[in-house]
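Okay, structure first, notes after.
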Amino acid sequence: MKKMLPWLITILLSITLIVLAIFLLSDKLTEEPKTASASDEPAAVNLSADEIVEMTSEITGIKTNLADPQYIAQMAFAFQLSDKKAKAEFDKIKEIKIKPIIIKTLADTKPELLNDSKGREQFTAKLQNLINKSLTSGRLIQIDMTDVLIAGI
């Protein structure tokens, strides 16, 4: 037993260190990347209702299949932009550039993702990143789903 004691202590110490390392690193490994923080959205802080309406554009009546061909989605969106100039640009390109982006993103989306609020937030964050790449002036601050219907065929 005396010869095995140093080996047992070494094994227990190494197991303890491994468990401690896994515990400390698990927060960093499971942490999701931030999509947008409060510091990224200074224009959305103190807006009146009239200002929000002036900088918001809508797209309604989007109907398409989801990634699972047995499901279809009918949706409407409200897009809040950073300023009036960005909204004017957005309104010019929303039918020819923005709507196809939304349809392509929906085509890659599984219906389960759109069933809960966390999944919808992930979807809108992805959509926001794709649409911001298409805008040349200003940027998209927020996307809200104003109408959602997911149905099986």
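Residue numbers start at 1 in each chain; chains themselves are named A, B, ... in the order of the structure tokens; ligands are numbered from 1 in the order shown.
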
Counting only C-alpha atoms, what are the residues of range 69-115 of chain A within 8 Å of range 122-135 of chain A, and for each of them which pair of atoms is the nearest and at what distance in Å, to one decimal? Sort the table by chain and rising number, as a Markdown table.
```
| residue | atom | partner | partner_atom | distance |
| --- | --- | --- | --- | --- |
| A:Ala86 | CA | A:Leu135 | CA | 7.7 |
| A:Glu89 | CA | A:Leu135 | CA | 7.6 |
| A:Phe90 | CA | A:Leu135 | CA | 7.2 |
| A:Lys97 | CA | A:Ser134 | CA | 7.6 |
| A:Ile98 | CA | A:Ile131 | CA | 6.6 |
| A:Ile101 | CA | A:Ile131 | CA | 7.3 |
| A:Ile102 | CA | A:Leu127 | CA | 6.9 |
| A:Thr105 | CA | A:Leu127 | CA | 7.1 |
| A:Leu113 | CA | A:Phe123 | CA | 7.8 |
| A:Leu114 | CA | A:Phe123 | CA | 7.6 |
```

Using N, CA and C atoms, can you write the selected residues to a file as a PDB file, in the first residue's frame?
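Written out: again.pdb:
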```pdb
ATOM      1  N   ALA A  86     -31.237  56.393 -44.828  1.00  0.00           N
ATOM      2  CA  ALA A  86     -31.144  54.938 -44.910  1.00  0.00           C
ATOM      3  C   ALA A  86     -32.511  54.333 -45.220  1.00  0.00           C
ATOM      4  N   GLU A  89     -33.267  54.798 -48.945  1.00  0.00           N
ATOM      5  CA  GLU A  89     -32.520  53.812 -49.728  1.00  0.00           C
ATOM      6  C   GLU A  89     -33.135  52.423 -49.579  1.00  0.00           C
ATOM      7  N   PHE A  90     -33.492  52.069 -48.341  1.00  0.00           N
ATOM      8  CA  PHE A  90     -34.091  50.766 -48.064  1.00  0.00           C
ATOM      9  C   PHE A  90     -35.391  50.595 -48.853  1.00  0.00           C
ATOM     10  N   LYS A  97     -33.886  43.651 -53.620  1.00  0.00           N
ATOM     11  CA  LYS A  97     -32.723  43.089 -52.913  1.00  0.00           C
ATOM     12  C   LYS A  97     -33.071  42.502 -51.552  1.00  0.00           C
ATOM     13  N   ILE A  98     -33.888  43.203 -50.775  1.00  0.00           N
ATOM     14  CA  ILE A  98     -34.149  42.790 -49.399  1.00  0.00           C
ATOM     15  C   ILE A  98     -35.074  41.580 -49.357  1.00  0.00           C
ATOM     16  N   ILE A 101     -33.356  38.354 -50.096  1.00  0.00           N
ATOM     17  CA  ILE A 101     -32.503  37.950 -48.976  1.00  0.00           C
ATOM     18  C   ILE A 101     -33.345  37.242 -47.919  1.00  0.00           C
ATOM     19  N   ILE A 102     -34.517  37.795 -47.634  1.00  0.00           N
ATOM     20  CA  ILE A 102     -35.404  37.194 -46.629  1.00  0.00           C
ATOM     21  C   ILE A 102     -35.853  35.809 -47.090  1.00  0.00           C
ATOM     22  N   THR A 105     -33.010  33.311 -46.825  1.00  0.00           N
ATOM     23  CA  THR A 105     -32.733  32.978 -45.431  1.00  0.00           C
ATOM     24  C   THR A 105     -33.816  32.057 -44.876  1.00  0.00           C
ATOM     25  N   LEU A 113     -36.740  26.288 -35.597  1.00  0.00           N
ATOM     26  CA  LEU A 113     -36.042  27.495 -35.170  1.00  0.00           C
ATOM     27  C   LEU A 113     -37.007  28.652 -34.958  1.00  0.00           C
ATOM     28  N   LEU A 114     -38.077  28.688 -35.730  1.00  0.00           N
ATOM     29  CA  LEU A 114     -39.016  29.805 -35.664  1.00  0.00           C
ATOM     30  C   LEU A 114     -40.151  29.581 -34.677  1.00  0.00           C
TER      31      LEU A 114
END
```

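Rounded to one decimal, CA of Leu66 in chain A and CA of Phe79 in chain A lie 21.3 Å from each other.
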
Could you find all residues in range 14-128 of chain A that DSSP calls strand (DSSP E) from the backbone, and write them as JSON, numbers by chain? {"A": [56, 57, 58, 59, 60, 61, 62, 63, 64, 65, 71, 72, 73, 74, 75, 76, 77, 78, 79, 80, 81]}

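When CA of Ile62 in chain A is paired with CA of Ile143 in chain A, their separation reads 14.7 Å.
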
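One finds CA of Glu112 in chain A at 29.0 Å from CA of Arg139 in chain A.
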
A:Asp116, A:Asp108, A:Ile15, A:Asp144: which is nearest Leu81 in chain A, counting only C-alpha atoms? A:Asp144

Picked from chain A by DSSP as helix (DSSP H, G or I), as a compact mmCIF listing (two decimals) with N, CA and C atoms, in the first residue's frame:
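As a result, selection29.txt now contains:
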```txt
# COMPACT_ATOMS: atom_id res chain seq x y z
N LEU A 5 0.63 4.60 -2.73
CA LEU A 5 0.13 5.89 -2.25
C LEU A 5 0.58 7.06 -3.13
N PRO A 6 1.84 7.17 -3.53
CA PRO A 6 2.22 8.30 -4.42
C PRO A 6 1.48 8.24 -5.76
N TRP A 7 1.25 7.05 -6.27
CA TRP A 7 0.53 6.91 -7.55
C TRP A 7 -0.92 7.35 -7.39
N LEU A 8 -1.55 6.96 -6.31
CA LEU A 8 -2.94 7.35 -6.07
C LEU A 8 -3.08 8.86 -5.92
N ILE A 9 -2.17 9.46 -5.19
CA ILE A 9 -2.21 10.92 -5.01
C ILE A 9 -2.01 11.62 -6.35
N THR A 10 -1.09 11.14 -7.16
CA THR A 10 -0.84 11.73 -8.47
C THR A 10 -2.06 11.61 -9.37
N ILE A 11 -2.70 10.46 -9.37
CA ILE A 11 -3.89 10.24 -10.20
C ILE A 11 -5.03 11.13 -9.74
N LEU A 12 -5.28 11.17 -8.42
CA LEU A 12 -6.36 12.02 -7.91
C LEU A 12 -6.09 13.50 -8.18
N LEU A 13 -4.87 13.94 -8.05
CA LEU A 13 -4.51 15.32 -8.33
C LEU A 13 -4.71 15.66 -9.80
N SER A 14 -4.31 14.76 -10.69
CA SER A 14 -4.48 15.02 -12.12
C SER A 14 -5.96 15.04 -12.51
N ILE A 15 -6.76 14.15 -11.94
CA ILE A 15 -8.20 14.15 -12.22
C ILE A 15 -8.83 15.45 -11.73
N THR A 16 -8.44 15.89 -10.55
CA THR A 16 -8.96 17.14 -10.00
C THR A 16 -8.60 18.32 -10.89
N LEU A 17 -7.37 18.37 -11.37
CA LEU A 17 -6.95 19.47 -12.24
C LEU A 17 -7.70 19.45 -13.58
N ILE A 18 -7.94 18.28 -14.12
CA ILE A 18 -8.68 18.17 -15.38
C ILE A 18 -10.12 18.65 -15.20
N VAL A 19 -10.77 18.22 -14.11
CA VAL A 19 -12.15 18.64 -13.85
C VAL A 19 -12.20 20.15 -13.63
N LEU A 20 -11.24 20.70 -12.93
CA LEU A 20 -11.19 22.14 -12.69
C LEU A 20 -11.01 22.90 -14.01
N ALA A 21 -10.14 22.41 -14.88
CA ALA A 21 -9.92 23.07 -16.17
C ALA A 21 -11.18 23.02 -17.03
N ILE A 22 -11.87 21.89 -17.04
CA ILE A 22 -13.12 21.76 -17.81
C ILE A 22 -14.16 22.72 -17.26
N PHE A 23 -14.27 22.81 -15.96
CA PHE A 23 -15.25 23.70 -15.33
C PHE A 23 -14.97 25.16 -15.69
N LEU A 24 -13.71 25.57 -15.64
CA LEU A 24 -13.36 26.96 -15.94
C LEU A 24 -13.51 27.28 -17.41
N LEU A 25 -13.25 26.35 -18.30
CA LEU A 25 -13.34 26.60 -19.74
C LEU A 25 -14.73 26.37 -20.31
N SER A 26 -15.60 25.70 -19.57
CA SER A 26 -16.93 25.39 -20.12
C SER A 26 -17.74 26.65 -20.40
N ASP A 27 -17.57 27.70 -19.59
CA ASP A 27 -18.28 28.95 -19.85
C ASP A 27 -17.84 29.59 -21.16
N LYS A 28 -16.56 29.52 -21.44
CA LYS A 28 -16.04 30.13 -22.66
C LYS A 28 -16.39 29.29 -23.89
N LEU A 29 -16.47 27.99 -23.75
CA LEU A 29 -16.77 27.12 -24.88
C LEU A 29 -18.25 27.16 -25.26
N THR A 30 -19.13 27.32 -24.28
CA THR A 30 -20.57 27.30 -24.56
C THR A 30 -21.13 28.70 -24.76
N ALA A 38 -26.02 46.99 -26.68
CA ALA A 38 -26.67 48.28 -26.51
C ALA A 38 -25.81 49.42 -27.04
N SER A 39 -24.49 49.27 -26.99
CA SER A 39 -23.62 50.33 -27.50
C SER A 39 -23.64 50.39 -29.02
N ASP A 40 -24.07 49.31 -29.70
CA ASP A 40 -24.15 49.31 -31.15
C ASP A 40 -25.38 50.04 -31.66
N PRO A 42 -27.07 53.27 -30.78
CA PRO A 42 -27.31 54.53 -30.11
C PRO A 42 -28.55 55.26 -30.64
N ALA A 43 -28.94 55.03 -31.89
CA ALA A 43 -30.06 55.76 -32.47
C ALA A 43 -31.41 55.26 -31.95
N ALA A 44 -31.47 54.07 -31.38
CA ALA A 44 -32.74 53.50 -30.96
C ALA A 44 -33.08 53.82 -29.51
N ALA A 49 -42.44 58.38 -31.03
CA ALA A 49 -43.23 57.51 -31.90
C ALA A 49 -43.17 57.99 -33.35
N ASP A 50 -43.22 59.29 -33.56
CA ASP A 50 -43.17 59.84 -34.91
C ASP A 50 -41.82 59.55 -35.57
N GLU A 51 -40.74 59.66 -34.81
CA GLU A 51 -39.41 59.37 -35.35
C GLU A 51 -39.27 57.89 -35.70
N ILE A 52 -39.83 57.04 -34.88
CA ILE A 52 -39.78 55.60 -35.16
C ILE A 52 -40.53 55.30 -36.46
N VAL A 53 -41.70 55.90 -36.64
CA VAL A 53 -42.48 55.68 -37.85
C VAL A 53 -41.74 56.22 -39.07
N GLU A 54 -41.07 57.36 -38.94
CA GLU A 54 -40.32 57.94 -40.06
C GLU A 54 -39.14 57.09 -40.48
N LYS A 84 -33.28 58.76 -41.82
CA LYS A 84 -34.25 58.90 -42.92
C LYS A 84 -33.62 58.58 -44.27
N LYS A 85 -32.36 58.92 -44.44
CA LYS A 85 -31.66 58.63 -45.70
C LYS A 85 -31.55 57.12 -45.91
N ALA A 86 -31.24 56.39 -44.83
CA ALA A 86 -31.14 54.94 -44.91
C ALA A 86 -32.51 54.33 -45.22
N LYS A 87 -33.57 54.90 -44.65
CA LYS A 87 -34.91 54.40 -44.92
C LYS A 87 -35.29 54.62 -46.38
N ALA A 88 -34.95 55.79 -46.93
CA ALA A 88 -35.24 56.08 -48.33
C ALA A 88 -34.53 55.09 -49.24
N GLU A 89 -33.27 54.80 -48.95
CA GLU A 89 -32.52 53.81 -49.73
C GLU A 89 -33.14 52.42 -49.58
N PHE A 90 -33.49 52.07 -48.34
CA PHE A 90 -34.09 50.77 -48.06
C PHE A 90 -35.39 50.59 -48.85
N ASP A 91 -36.23 51.64 -48.86
CA ASP A 91 -37.50 51.56 -49.58
C ASP A 91 -37.31 51.36 -51.08
N LYS A 92 -36.22 51.91 -51.63
CA LYS A 92 -35.94 51.75 -53.07
C LYS A 92 -35.55 50.33 -53.42
N ILE A 93 -34.83 49.66 -52.52
CA ILE A 93 -34.30 48.34 -52.86
C ILE A 93 -35.01 47.19 -52.16
N LYS A 94 -36.05 47.47 -51.39
CA LYS A 94 -36.64 46.40 -50.58
C LYS A 94 -37.28 45.31 -51.41
N GLU A 95 -37.86 45.62 -52.55
CA GLU A 95 -38.49 44.58 -53.37
C GLU A 95 -37.48 43.80 -54.21
N ILE A 96 -36.39 44.46 -54.61
CA ILE A 96 -35.45 43.79 -55.52
C ILE A 96 -34.23 43.18 -54.82
N LYS A 97 -33.89 43.65 -53.62
CA LYS A 97 -32.72 43.09 -52.91
C LYS A 97 -33.07 42.50 -51.55
N ILE A 98 -33.89 43.20 -50.77
CA ILE A 98 -34.15 42.79 -49.40
C ILE A 98 -35.07 41.58 -49.36
N LYS A 99 -36.15 41.62 -50.12
CA LYS A 99 -37.11 40.51 -50.12
C LYS A 99 -36.45 39.19 -50.56
N PRO A 100 -35.61 39.18 -51.61
CA PRO A 100 -34.91 37.93 -51.93
C PRO A 100 -33.98 37.43 -50.83
N ILE A 101 -33.36 38.35 -50.10
CA ILE A 101 -32.50 37.95 -48.98
C ILE A 101 -33.34 37.24 -47.92
N ILE A 102 -34.52 37.80 -47.63
CA ILE A 102 -35.40 37.19 -46.63
C ILE A 102 -35.85 35.81 -47.09
N ILE A 103 -36.23 35.69 -48.35
CA ILE A 103 -36.71 34.41 -48.88
C ILE A 103 -35.60 33.36 -48.86
N LYS A 104 -34.38 33.74 -49.23
CA LYS A 104 -33.25 32.80 -49.19
C LYS A 104 -32.95 32.36 -47.76
N THR A 105 -33.01 33.31 -46.83
CA THR A 105 -32.73 32.98 -45.43
C THR A 105 -33.82 32.06 -44.88
N LEU A 106 -35.07 32.32 -45.23
CA LEU A 106 -36.15 31.42 -44.79
C LEU A 106 -36.00 30.03 -45.40
N ALA A 107 -35.53 29.96 -46.64
CA ALA A 107 -35.36 28.67 -47.30
C ALA A 107 -34.30 27.81 -46.60
N PRO A 111 -38.13 24.81 -39.51
CA PRO A 111 -39.33 25.33 -38.85
C PRO A 111 -39.21 25.35 -37.32
N GLU A 112 -38.42 24.44 -36.75
CA GLU A 112 -38.26 24.39 -35.30
C GLU A 112 -37.60 25.66 -34.77
N LEU A 113 -36.74 26.29 -35.60
CA LEU A 113 -36.04 27.50 -35.17
C LEU A 113 -37.01 28.65 -34.96
N LEU A 114 -38.08 28.69 -35.73
CA LEU A 114 -39.02 29.80 -35.66
C LEU A 114 -40.15 29.58 -34.68
N ASN A 115 -40.11 28.49 -33.92
CA ASN A 115 -41.19 28.19 -32.98
C ASN A 115 -41.07 28.92 -31.65
N SER A 117 -39.08 32.20 -29.16
CA SER A 117 -38.56 33.57 -29.28
C SER A 117 -37.04 33.59 -29.45
N LYS A 118 -36.33 32.66 -28.82
CA LYS A 118 -34.87 32.64 -28.96
C LYS A 118 -34.48 32.32 -30.40
N GLY A 119 -35.16 31.38 -31.00
CA GLY A 119 -34.89 31.04 -32.39
C GLY A 119 -35.22 32.18 -33.33
N ARG A 120 -36.31 32.88 -33.04
CA ARG A 120 -36.68 34.03 -33.88
C ARG A 120 -35.67 35.15 -33.74
N GLU A 121 -35.13 35.35 -32.56
CA GLU A 121 -34.08 36.36 -32.37
C GLU A 121 -32.83 35.99 -33.16
N GLN A 122 -32.46 34.71 -33.17
CA GLN A 122 -31.31 34.26 -33.96
C GLN A 122 -31.56 34.51 -35.44
N PHE A 123 -32.78 34.20 -35.88
CA PHE A 123 -33.13 34.40 -37.28
C PHE A 123 -33.05 35.88 -37.66
N THR A 124 -33.61 36.76 -36.84
CA THR A 124 -33.59 38.19 -37.16
C THR A 124 -32.17 38.76 -37.09
N ALA A 125 -31.34 38.24 -36.18
CA ALA A 125 -29.95 38.69 -36.11
C ALA A 125 -29.19 38.31 -37.39
N LYS A 126 -29.43 37.09 -37.87
CA LYS A 126 -28.80 36.64 -39.11
C LYS A 126 -29.28 37.49 -40.27
N LEU A 127 -30.57 37.74 -40.31
CA LEU A 127 -31.17 38.56 -41.36
C LEU A 127 -30.62 39.98 -41.32
N GLN A 128 -30.47 40.53 -40.13
CA GLN A 128 -29.95 41.88 -39.97
C GLN A 128 -28.53 41.99 -40.51
N ASN A 129 -27.70 41.01 -40.23
CA ASN A 129 -26.32 41.03 -40.74
C ASN A 129 -26.30 40.98 -42.26
N LEU A 130 -27.14 40.13 -42.85
CA LEU A 130 -27.17 40.01 -44.31
C LEU A 130 -27.70 41.28 -44.97
N ILE A 131 -28.72 41.88 -44.39
CA ILE A 131 -29.29 43.09 -44.99
C ILE A 131 -28.35 44.28 -44.83
N ASN A 132 -27.67 44.39 -43.70
CA ASN A 132 -26.73 45.51 -43.50
C ASN A 132 -25.63 45.49 -44.55
N LYS A 133 -25.27 44.32 -45.05
CA LYS A 133 -24.25 44.23 -46.10
C LYS A 133 -24.76 44.83 -47.41
N SER A 134 -26.08 44.85 -47.61
CA SER A 134 -26.66 45.37 -48.85
C SER A 134 -26.87 46.88 -48.83
```

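Closest to Gln80 in chain A among A:Leu140, A:Met4, A:Val148, A:Ile153 is A:Leu140, based on only C-alpha atoms.
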
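Non-sequential neighbours of Ile72 in chain A (distance at most 6 Å, separation of 5 or more positions within a chain, only C-alpha atoms) are Thr64, Asn65, Leu66, Ile150 and Ala151 of chain A.
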
Output C-alpha atoms of each residue in that selection to a file, as a CSV table (one decimal), in the first residue's frame.
```csv
chain,number,residue,atom,x,y,z
A,64,THR,CA,-42.2,30.7,-49.0
A,65,ASN,CA,-41.1,27.1,-48.1
A,66,LEU,CA,-38.8,26.6,-45.2
A,150,ILE,CA,-45.7,28.6,-39.9
A,151,ALA,CA,-47.9,25.8,-41.3
```

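Nearest to Lys63 in chain A of all the residues A:Gln142, A:Gly152, A:Ser82, A:Ala76 is A:Ala76, counting only C-alpha atoms.
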